[in-house]
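Student: Provided below: target-v8.cif, containing mmCIF, C-alpha atoms.
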```
data_run
loop_
_atom_site.label_atom_id
_atom_site.label_comp_id
_atom_site.auth_asym_id
_atom_site.auth_seq_id
_atom_site.Cartn_x
_atom_site.Cartn_y
_atom_site.Cartn_z
CA MET A 1 -18.83 -45.95 24.59
CA ARG A 2 -15.40 -47.44 24.00
CA ASP A 3 -13.69 -48.97 27.01
CA PRO A 4 -10.49 -47.19 28.03
CA GLY A 5 -7.49 -49.00 26.57
CA SER A 6 -9.48 -50.81 23.90
CA THR A 7 -9.21 -50.37 20.15
CA GLU A 8 -12.10 -49.51 17.84
CA HIS A 9 -12.41 -49.80 14.11
CA THR A 10 -14.65 -48.44 11.36
CA GLU A 11 -14.69 -49.05 7.61
CA LEU A 12 -15.95 -47.18 4.59
CA ALA A 13 -15.77 -48.03 0.89
CA ILE A 14 -16.30 -45.45 -1.85
CA PRO A 15 -15.90 -45.32 -5.64
CA ALA A 16 -12.30 -44.42 -6.43
CA TRP A 17 -13.25 -40.90 -7.38
CA PRO A 18 -12.07 -37.66 -5.77
CA ASP A 19 -15.65 -36.35 -5.61
CA PHE A 20 -16.38 -38.89 -2.90
CA LEU A 21 -13.48 -37.93 -0.67
CA PHE A 22 -15.79 -35.74 1.40
CA LEU A 23 -17.20 -38.98 2.83
CA VAL A 24 -13.72 -40.03 3.90
CA ARG A 25 -13.09 -36.64 5.50
CA LEU A 26 -16.39 -36.81 7.37
CA HIS A 27 -15.66 -40.38 8.46
CA VAL A 28 -12.18 -39.59 9.76
CA GLY A 29 -13.32 -36.27 11.27
CA ALA A 30 -16.16 -37.96 13.14
CA VAL A 31 -13.81 -40.49 14.69
CA ALA A 32 -11.25 -37.81 15.53
CA SER A 33 -13.90 -35.71 17.24
CA ARG A 34 -14.90 -38.69 19.38
CA MET A 35 -11.26 -38.86 20.46
CA ASP A 36 -11.54 -35.21 21.52
CA MET A 37 -9.06 -34.08 18.91
CA THR A 38 -9.16 -30.33 18.40
CA VAL A 39 -10.54 -28.58 15.34
CA GLN A 40 -6.97 -27.79 14.32
CA GLU A 41 -6.04 -31.48 14.47
CA ILE A 42 -9.16 -32.45 12.56
CA GLU A 43 -8.48 -29.90 9.83
CA ASP A 44 -4.95 -31.29 9.56
CA LEU A 45 -6.38 -34.77 9.29
CA HIS A 46 -8.79 -33.67 6.55
CA LEU A 47 -5.91 -32.33 4.49
CA ALA A 48 -3.74 -35.34 5.20
CA VAL A 49 -6.48 -37.75 4.19
CA ASP A 50 -6.90 -35.86 0.91
CA GLU A 51 -3.18 -36.18 0.22
CA LEU A 52 -3.20 -39.84 1.15
CA CYS A 53 -6.20 -40.78 -0.98
CA LEU A 54 -5.24 -38.65 -3.96
CA SER A 55 -1.84 -40.31 -4.01
CA LEU A 56 -3.69 -43.57 -4.64
CA LEU A 57 -6.34 -42.29 -7.02
CA GLY A 58 -4.00 -40.38 -9.29
CA PRO A 59 -5.29 -38.62 -12.37
CA ALA A 60 -7.07 -41.70 -13.84
CA GLU A 61 -10.11 -40.87 -15.95
CA PRO A 62 -12.59 -42.44 -15.72
CA PRO A 63 -11.98 -43.53 -12.14
CA ARG A 64 -11.60 -47.25 -11.63
CA GLY A 65 -11.94 -49.45 -8.59
CA ARG A 66 -12.94 -48.74 -5.04
CA LEU A 67 -11.24 -47.07 -2.17
CA GLU A 68 -11.54 -48.98 1.09
CA VAL A 69 -10.87 -46.79 4.08
CA SER A 70 -10.45 -48.18 7.55
CA VAL A 71 -9.97 -46.10 10.67
CA THR A 72 -8.60 -47.61 13.86
CA TRP A 73 -8.19 -45.73 17.10
CA ASP A 74 -7.37 -46.13 20.74
CA ASP A 75 -6.62 -43.71 23.57
CA GLU A 76 -3.41 -42.51 21.99
CA ALA A 77 -3.68 -42.41 18.22
CA LEU A 78 -5.80 -42.70 15.14
CA ASP A 79 -4.73 -44.79 12.14
CA VAL A 80 -6.16 -44.41 8.65
CA ARG A 81 -5.56 -47.07 6.03
CA CYS A 82 -6.68 -46.58 2.43
CA ARG A 83 -6.63 -49.51 0.00
CA LEU A 84 -7.39 -49.13 -3.69
CA SER A 85 -9.00 -52.33 -4.97
CA GLY A 86 -10.24 -53.32 -8.41
CA ASN A 87 -7.72 -51.30 -10.35
CA ASP A 88 -4.98 -53.54 -11.76
CA SER A 89 -2.99 -50.69 -13.20
CA ALA A 90 -2.82 -48.73 -9.95
CA THR A 91 0.55 -48.15 -8.42
CA ALA A 92 1.24 -46.64 -5.06
CA ALA A 93 3.37 -43.57 -5.47
CA LEU A 94 3.67 -40.66 -3.14
CA ASP A 95 5.19 -37.66 -4.80
CA PRO A 96 7.83 -35.88 -2.72
CA ILE A 97 5.66 -32.84 -2.12
CA ALA A 98 2.73 -34.88 -0.85
CA GLY A 99 5.22 -36.68 1.37
CA ARG A 100 6.45 -33.39 2.83
CA ILE A 101 2.89 -32.27 3.50
CA LEU A 102 2.02 -35.50 5.25
CA THR A 103 5.18 -35.25 7.32
CA ALA A 104 4.02 -31.84 8.49
CA LEU A 105 0.47 -32.91 9.26
CA VAL A 106 0.69 -36.36 10.82
CA ASP A 107 3.08 -38.36 12.93
CA GLU A 108 3.71 -41.24 10.53
CA HIS A 109 2.67 -42.20 7.03
CA GLY A 110 3.64 -44.69 4.37
CA LEU A 111 2.77 -46.88 1.42
CA THR A 112 2.49 -50.61 1.25
CA ALA A 113 0.59 -53.28 -0.67
CA ASP A 114 -2.08 -55.76 0.31
CA GLU A 115 -2.70 -58.68 -2.06
CA GLY A 116 -1.40 -56.62 -4.95
CA ALA A 117 -3.53 -53.59 -4.13
CA PRO A 118 -1.76 -50.36 -3.14
CA VAL A 119 -2.31 -49.16 0.40
CA ALA A 120 -1.53 -45.74 1.85
CA TRP A 121 -1.67 -45.19 5.59
CA LEU A 122 -1.17 -42.55 8.22
CA ARG A 123 -1.04 -42.29 11.99
CA LYS A 124 -1.86 -39.22 14.03
CA ARG A 125 -1.33 -39.18 17.75
CA ARG A 126 -3.77 -37.32 19.92
CA GLU A 127 -2.27 -34.22 21.47
CA ALA A 128 -2.97 -33.45 25.08
CA LEU A 129 -5.40 -30.55 25.43
CA ARG A 130 -3.31 -27.69 26.61
CA PRO A 131 -3.21 -23.94 26.17
CA ALA A 132 -1.12 -22.64 23.31
CA PRO A 133 2.28 -21.36 24.47
CA MET B 1 2.58 -14.17 -11.75
CA SER B 2 6.09 -13.38 -10.71
CA GLU B 3 7.50 -15.78 -8.20
CA PRO B 4 8.69 -14.33 -4.92
CA GLY B 5 12.13 -15.87 -4.93
CA ARG B 6 12.94 -14.29 -8.28
CA ARG B 7 12.31 -10.74 -7.25
CA ALA B 8 14.84 -8.12 -6.50
CA GLY B 9 17.85 -10.25 -7.26
CA ARG B 10 18.35 -11.60 -3.77
CA SER B 11 20.91 -14.33 -4.24
CA ASP B 12 21.11 -15.73 -0.75
CA PRO B 13 20.16 -18.92 1.08
CA ARG B 14 16.74 -17.44 1.79
CA GLN B 15 16.07 -17.05 -1.92
CA ALA B 16 17.27 -20.57 -2.61
CA LEU B 17 15.02 -21.86 0.16
CA ILE B 18 12.03 -20.08 -1.35
CA GLU B 19 12.74 -21.19 -4.90
CA SER B 20 13.19 -24.80 -3.90
CA HIS B 21 9.78 -24.79 -2.20
CA LEU B 22 7.65 -23.05 -4.81
CA GLY B 23 6.39 -26.47 -5.89
CA LEU B 24 5.21 -27.10 -2.34
CA ALA B 25 3.36 -23.77 -2.28
CA ASN B 26 1.72 -24.50 -5.63
CA HIS B 27 0.73 -27.97 -4.52
CA LEU B 28 -0.89 -26.69 -1.33
CA ALA B 29 -2.72 -23.94 -3.21
CA ARG B 30 -4.18 -26.58 -5.54
CA ARG B 31 -5.52 -28.46 -2.53
CA PHE B 32 -7.75 -25.47 -1.80
CA SER B 33 -8.68 -24.72 -5.37
CA ASP B 34 -11.98 -26.63 -5.31
CA ARG B 35 -13.44 -24.10 -2.89
CA GLY B 36 -14.35 -21.43 -5.37
CA GLU B 37 -11.54 -18.95 -4.90
CA ALA B 38 -9.47 -18.01 -7.95
CA HIS B 39 -6.45 -20.30 -8.17
CA GLU B 40 -4.13 -17.35 -8.84
CA ASP B 41 -5.22 -15.73 -5.56
CA LEU B 42 -4.49 -18.92 -3.68
CA VAL B 43 -1.08 -19.27 -5.28
CA GLN B 44 -0.36 -15.67 -4.37
CA ALA B 45 -1.37 -16.29 -0.76
CA ALA B 46 0.74 -19.46 -0.67
CA TYR B 47 3.78 -17.67 -2.11
CA LEU B 48 3.48 -14.86 0.42
CA ALA B 49 3.25 -17.41 3.21
CA LEU B 50 6.32 -19.17 1.84
CA VAL B 51 8.26 -15.92 2.00
CA LYS B 52 7.07 -15.39 5.58
CA ALA B 53 8.13 -18.92 6.45
CA ALA B 54 11.59 -18.34 4.98
CA ASP B 55 11.93 -15.14 6.98
CA ARG B 56 10.87 -16.71 10.25
CA PHE B 57 12.39 -20.19 9.99
CA ASP B 58 14.74 -21.09 12.79
CA PRO B 59 16.83 -24.17 11.88
CA SER B 60 17.94 -24.53 15.50
CA LEU B 61 14.47 -25.78 16.40
CA GLY B 62 15.38 -29.06 14.80
CA PHE B 63 12.81 -29.66 12.10
CA GLU B 64 12.97 -29.30 8.35
CA PHE B 65 12.02 -26.14 6.55
CA SER B 66 9.45 -27.98 4.43
CA THR B 67 7.59 -29.05 7.57
CA TYR B 68 7.57 -25.52 8.92
CA ALA B 69 6.65 -23.99 5.55
CA THR B 70 3.76 -26.42 5.11
CA ARG B 71 2.30 -25.33 8.44
CA VAL B 72 2.69 -21.65 7.65
CA ILE B 73 1.25 -21.95 4.13
CA LEU B 74 -1.70 -24.05 5.27
CA GLY B 75 -2.39 -21.58 8.06
CA GLU B 76 -2.36 -18.72 5.61
CA LEU B 77 -4.64 -20.50 3.14
CA LYS B 78 -7.14 -21.40 5.87
CA HIS B 79 -7.00 -17.83 7.13
CA HIS B 80 -7.65 -16.62 3.60
CA PHE B 81 -10.91 -18.55 3.45
CA ARG B 82 -12.07 -17.74 6.95
CA ASP B 83 -11.69 -14.05 6.30
CA THR B 84 -13.81 -14.01 3.20
CA GLY B 85 -17.57 -14.04 2.99
CA TRP B 86 -20.05 -16.18 1.19
CA ALA B 87 -21.31 -16.13 -2.34
CA VAL B 88 -25.02 -16.26 -3.04
CA ARG B 89 -24.97 -19.93 -3.94
CA ALA B 90 -24.71 -21.18 -0.36
CA PRO B 91 -28.07 -21.99 1.24
CA ARG B 92 -28.76 -19.57 4.06
CA GLN B 93 -29.04 -22.35 6.67
CA VAL B 94 -25.61 -23.65 5.73
CA GLN B 95 -24.12 -20.18 5.77
CA GLU B 96 -25.56 -19.50 9.20
CA LEU B 97 -24.37 -22.79 10.62
CA TYR B 98 -20.90 -22.32 9.18
CA LEU B 99 -20.64 -18.77 10.48
CA GLU B 100 -21.97 -19.83 13.88
CA VAL B 101 -19.37 -22.59 14.11
CA ASN B 102 -16.59 -20.24 13.01
CA ARG B 103 -17.59 -17.67 15.61
CA ALA B 104 -17.61 -20.37 18.28
CA VAL B 105 -14.16 -21.56 17.18
CA SER B 106 -12.81 -18.01 17.48
CA ASP B 107 -14.44 -17.38 20.86
CA LEU B 108 -13.40 -20.71 22.32
CA THR B 109 -9.86 -20.46 20.99
CA GLN B 110 -9.53 -17.12 22.75
CA ARG B 111 -11.19 -18.32 25.95
CA LEU B 112 -9.43 -21.69 26.21
CA GLY B 113 -6.08 -20.60 24.81
CA ARG B 114 -6.08 -23.54 22.42
CA SER B 115 -8.00 -24.95 19.49
CA PRO B 116 -11.39 -26.27 20.72
CA THR B 117 -12.75 -29.76 20.26
CA VAL B 118 -15.87 -30.55 18.28
CA PRO B 119 -17.94 -31.39 21.40
CA GLU B 120 -16.92 -28.06 22.92
CA ILE B 121 -18.07 -26.23 19.79
CA ALA B 122 -21.28 -28.24 19.72
CA ASP B 123 -22.00 -27.28 23.33
CA ALA B 124 -21.31 -23.62 22.64
CA CYS B 125 -23.59 -23.61 19.59
CA ARG B 126 -26.20 -25.94 21.09
CA ARG B 127 -25.74 -28.16 18.07
CA ARG B 128 -24.89 -31.80 17.63
CA PRO B 129 -21.23 -32.73 16.97
CA ASP B 130 -22.19 -34.14 13.56
CA GLU B 131 -23.69 -30.77 12.63
CA VAL B 132 -20.41 -29.10 13.53
CA LEU B 133 -18.49 -31.58 11.38
CA ALA B 134 -20.93 -31.07 8.54
CA ALA B 135 -20.46 -27.30 8.84
CA MET B 136 -16.67 -27.74 8.68
CA GLU B 137 -17.04 -29.81 5.54
CA ALA B 138 -19.60 -27.45 4.02
CA GLY B 139 -17.21 -24.58 4.54
CA ARG B 140 -14.89 -26.16 1.99
CA ALA B 141 -17.44 -26.27 -0.75
CA TYR B 142 -18.75 -22.79 -1.10
CA ARG B 143 -17.36 -19.94 -3.04
CA ALA B 144 -15.73 -17.14 -1.11
CA THR B 145 -16.19 -13.55 -2.14
CA SER B 146 -13.35 -11.25 -1.03
CA LEU B 147 -11.94 -9.49 -4.06
CA GLU B 148 -14.40 -11.31 -6.34
CA THR B 149 -17.11 -9.02 -5.02
CA PRO B 150 -18.62 -7.09 -7.94
CA THR B 151 -18.25 -3.34 -7.73
CA GLU B 152 -20.80 -0.83 -8.88
CA SER B 153 -19.14 -0.85 -12.30
CA GLY B 154 -19.87 -4.56 -12.59
CA ALA B 155 -16.22 -5.57 -12.65
CA PRO B 156 -14.86 -7.59 -9.74
CA LEU B 157 -13.11 -5.64 -7.04
CA HIS B 158 -9.74 -7.20 -7.80
CA ASP B 159 -9.80 -5.69 -11.29
CA HIS B 160 -9.20 -2.36 -9.62
CA VAL B 161 -6.25 -3.51 -7.59
CA PRO B 162 -2.79 -3.29 -9.12
CA THR B 163 -1.02 -6.64 -8.96
CA ARG B 164 2.07 -8.19 -10.40
CA GLU B 165 0.04 -10.35 -12.77
CA ARG B 166 -1.80 -7.33 -14.19
CA PRO B 167 0.99 -4.92 -14.95
CA ASP B 168 -1.39 -2.74 -16.95
CA ALA B 169 -3.17 -2.04 -13.70
CA VAL B 170 -0.03 -0.83 -12.01
CA LEU B 171 0.52 2.86 -11.76
CA GLU B 172 4.17 3.03 -12.75
CA ASP B 173 4.81 6.56 -11.66
CA ARG B 174 4.81 6.73 -7.90
CA SER B 175 4.60 10.49 -7.86
CA GLU B 176 1.55 10.26 -10.11
CA LEU B 177 0.04 7.63 -7.80
CA TRP B 178 0.74 9.88 -4.85
CA SER B 179 -1.15 12.73 -6.49
CA TYR B 180 -4.17 10.49 -6.98
CA LEU B 181 -3.95 9.17 -3.44
CA GLN B 182 -4.05 12.73 -2.17
CA ARG B 183 -7.60 12.97 -3.52
CA LEU B 184 -8.67 10.33 -1.02
CA SER B 185 -9.46 11.09 2.57
CA ALA B 186 -6.79 10.27 5.14
CA ASP B 187 -8.98 7.43 6.39
CA ASP B 188 -9.27 5.94 2.92
CA ARG B 189 -5.53 6.18 2.35
CA GLU B 190 -4.94 4.43 5.65
CA LEU B 191 -7.40 1.72 4.64
CA LEU B 192 -5.62 1.09 1.33
CA ARG B 193 -2.28 1.02 3.10
CA LEU B 194 -3.49 -1.56 5.60
CA ARG B 195 -4.94 -3.78 2.88
CA PHE B 196 -2.42 -3.52 0.05
CA VAL B 197 0.84 -2.47 1.69
CA ASP B 198 0.61 -4.18 5.06
CA GLU B 199 -1.46 -6.94 3.40
CA LEU B 200 -3.85 -7.29 6.31
CA SER B 201 -7.00 -9.24 5.62
CA GLN B 202 -10.36 -7.50 5.64
CA LEU B 203 -11.12 -9.17 8.97
CA GLU B 204 -7.86 -8.01 10.50
CA ILE B 205 -8.57 -4.47 9.34
CA ALA B 206 -12.10 -4.70 10.70
CA LYS B 207 -10.79 -5.70 14.13
CA ARG B 208 -8.21 -2.95 14.10
CA LEU B 209 -10.74 -0.27 13.15
CA GLY B 210 -13.57 -1.62 15.29
CA VAL B 211 -15.97 -2.07 12.38
CA SER B 212 -17.47 -5.09 10.60
CA GLN B 213 -15.78 -6.91 7.74
CA MET B 214 -18.65 -5.89 5.48
CA GLN B 215 -18.00 -2.25 6.29
CA VAL B 216 -14.34 -2.70 5.45
CA SER B 217 -15.35 -4.29 2.15
CA ARG B 218 -17.62 -1.36 1.31
CA LEU B 219 -15.03 1.23 2.35
CA LEU B 220 -12.34 -0.47 0.29
CA ARG B 221 -14.63 -0.57 -2.72
CA ARG B 222 -15.45 3.08 -2.36
CA ALA B 223 -11.79 4.08 -1.95
CA LEU B 224 -10.73 2.03 -4.97
CA ASP B 225 -13.56 3.42 -7.06
CA THR B 226 -12.54 6.96 -6.15
CA LEU B 227 -8.93 6.18 -6.96
CA ARG B 228 -9.87 4.60 -10.28
CA ASP B 229 -12.11 7.50 -11.26
CA ALA B 230 -9.37 9.99 -10.47
CA TYR B 231 -6.87 7.98 -12.49
CA ARG B 232 -9.14 7.59 -15.52
CA SER B 233 -10.15 11.21 -15.58
CA GLY B 234 -6.53 12.25 -15.08
CA SER B 235 -7.66 14.83 -12.58
#
```
Could you render the structure from this file as structure tokens?

Tutor:
Amino acid sequence: MRDPGSTEHTELAIPAWPDFLFLVRLHVGAVASRMDMTVQEIEDLHLAVDELCLSLLGPAEPPRGRLEVSVTWDDEALDVRCRLSGNDSATAALDPIAGRILTALVDEHGLTADEGAPVAWLRKRREALRPAP
Amino acid sequence: MSEPGRRAGRSDPRQALIESHLGLANHLARRFSDRGEAHEDLVQAAYLALVKAADRFDPSLGFEFSTYATRVILGELKHHFRDTGWAVRAPRQVQELYLEVNRAVSDLTQRLGRSPTVPEIADACRRRPDEVLAAMEAGRAYRATSLETPTESGAPLHDHVPTRERPDAVLEDRSELWSYLQRLSADDRELLRLRFVDELSQLEIAKRLGVSQMQVSRLLRRALDTLRDAYRSGS
């Protein structure tokens, strides 16, 4: 069990191919469930992770490179960071619609670069368990 | 398919709001298109949700329309899948687990007054949390039935339903349609009204009538077959 107040971290690397995104969804969903996020929050995260990863993968055929996904969480929030490595031609670009969707689903999101590789990230804060109004 | 904002010549801010977010609706529909349902049906559901969002949006709440619309459209698309059944390709064990988890989600949501957590669902189903997560993921992958259900004639159910994208299926003359509808029982007419005028899902109709979704499916099929036969025979 994680100590209260501490931060935990998991990593997963997959071929940069949309068919493998189910592993990312399972990975993120498993962590979110350990944080006691609700099914609604987890479904939102699944959709958000798809948007995030697909913004990196783009329509490239055949897929190139690997997608490195790290998930960090503490008592308050869960952070997902996706880095596309091994694809020199990759550029990080979030189309406006994907941006709107992420804005609706998570608390923060963005794009950055790490040693020349594009990185997309998101943060979702855990909601307190409370009855719907 | 006709787009909702272009109907009926409504030139108002609502129409502009809808038209400027059709791309969002299309994009969200595509995100669900790997789950076996016809893309056109998903786009239709997303467009309808967009219209609902435009009707209900309250700018005084302080967030952008796109944020609100995304929530409404996603809710509608998820609802669309939850209300539909399974195709034969899903292994029975997976179907059962998925249905068990969905039932638990519904029960717990009602009992707790909020969305349940995975451990709560696992407890209710006497399953492990990873099985619940696997069921959630599996639910994405399998083909839904709904209007794809073959009728006795062999054609899918939706072939019998007039829609905007199949104008040849639309009965133009309302008085003629009325005469055919009169050949149905009052119950069947009510069923068609609930499904195609009020646009309730099969599950919503089932709850309202106190029957199972499968019964609603069968009753709809029978009513549509009767209507089609009457129309073709011109009687």

Student: Might you spell out which residues the PyMOL selection byres ((chain A) within 10 of (chain B)) would select in the displayed file, as a count of residues only?

Tutor: 38

Student: So the first atom is atom CA of Gly58 of chain A and the second is atom CA of Val43 of chain B; what is the distance between them in Å, to one decimal place?

Tutor: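 About the pair atom CA of Gly58 of chain A and atom CA of Val43 of chain B: they are 21.7 Å apart.
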
Student: I'd like the neighbourhood of Ala93 of chain A as a PyMOL selection string, where a residue qualifies if any of its atoms comes within 12 Å (using all atoms listed in the file), though same-chain residues fewer than 2 positions away should be ignored.

Tutor: chain A and resi 51-58+90-91+95-99+110-113+118-120

Student: Write a file of the selected residues as a compact mmCIF listing (two decimals), keeping the file's coordinate frame, keeping C-alpha atoms.

Tutor:
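Dumped to out07.txt:
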```txt
# COMPACT_ATOMS: atom_id res chain seq x y z
CA GLU A 51 -3.18 -36.18 0.22
CA LEU A 52 -3.20 -39.84 1.15
CA CYS A 53 -6.20 -40.78 -0.98
CA LEU A 54 -5.24 -38.65 -3.96
CA SER A 55 -1.84 -40.31 -4.01
CA LEU A 56 -3.69 -43.57 -4.64
CA LEU A 57 -6.34 -42.29 -7.02
CA GLY A 58 -4.00 -40.38 -9.29
CA ALA A 90 -2.82 -48.73 -9.95
CA THR A 91 0.55 -48.15 -8.42
CA ASP A 95 5.19 -37.66 -4.80
CA PRO A 96 7.83 -35.88 -2.72
CA ILE A 97 5.66 -32.84 -2.12
CA ALA A 98 2.73 -34.88 -0.85
CA GLY A 99 5.22 -36.68 1.37
CA GLY A 110 3.64 -44.69 4.37
CA LEU A 111 2.77 -46.88 1.42
CA THR A 112 2.49 -50.61 1.25
CA ALA A 113 0.59 -53.28 -0.67
CA PRO A 118 -1.76 -50.36 -3.14
CA VAL A 119 -2.31 -49.16 0.40
CA ALA A 120 -1.53 -45.74 1.85
```

Student: Determine the residue membership of the PyMOL selection byres ((chain A and resi 78) around 8) for the file above and supply it as a list in words.

Tutor: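 So the PyMOL selection byres ((chain A and resi 78) around 8) ends up selecting Ala32, Val71, Thr72, Trp73, Asp74, Glu76, Ala77, Asp79, Val80, Arg123, Lys124, Arg125 and Arg126 of chain A.
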
Student: What separation in Å, quoted to one decimal, exists between atom CA of Arg183 of chain B and atom CA of Thr226 of chain B?

Tutor: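 The value is 8.2 Å.
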
Student: Around segment 83-86 of chain A, fit a box with edges along x, y and z, padding it by 8 Å on each side, then list its centre and edge lengths in Å to one decimal as JSON.

Tutor:
```
{"center_x": -8.4, "center_y": -51.2, "center_z": -4.2, "size_x": 19.6, "size_y": 20.2, "size_z": 24.4}
```

Student: Just give me the gap between atom CA of Leu67 of chain A and atom CA of Glu108 of chain A in Å, one decimal is fine.

Tutor: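 Between atom CA of Leu67 of chain A and atom CA of Glu108 of chain A the gap works out to 20.5 Å.
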
Student: Identify which of the residues A:Ser70, A:Ser85, A:Asp3, A:Val49 lies closest to Pro15 of chain A, counting all atoms listed in the file when measuring atom-to-atom distances.

Tutor: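 Using all atoms listed in the file, Pro15 of chain A sits closest to A:Ser85.
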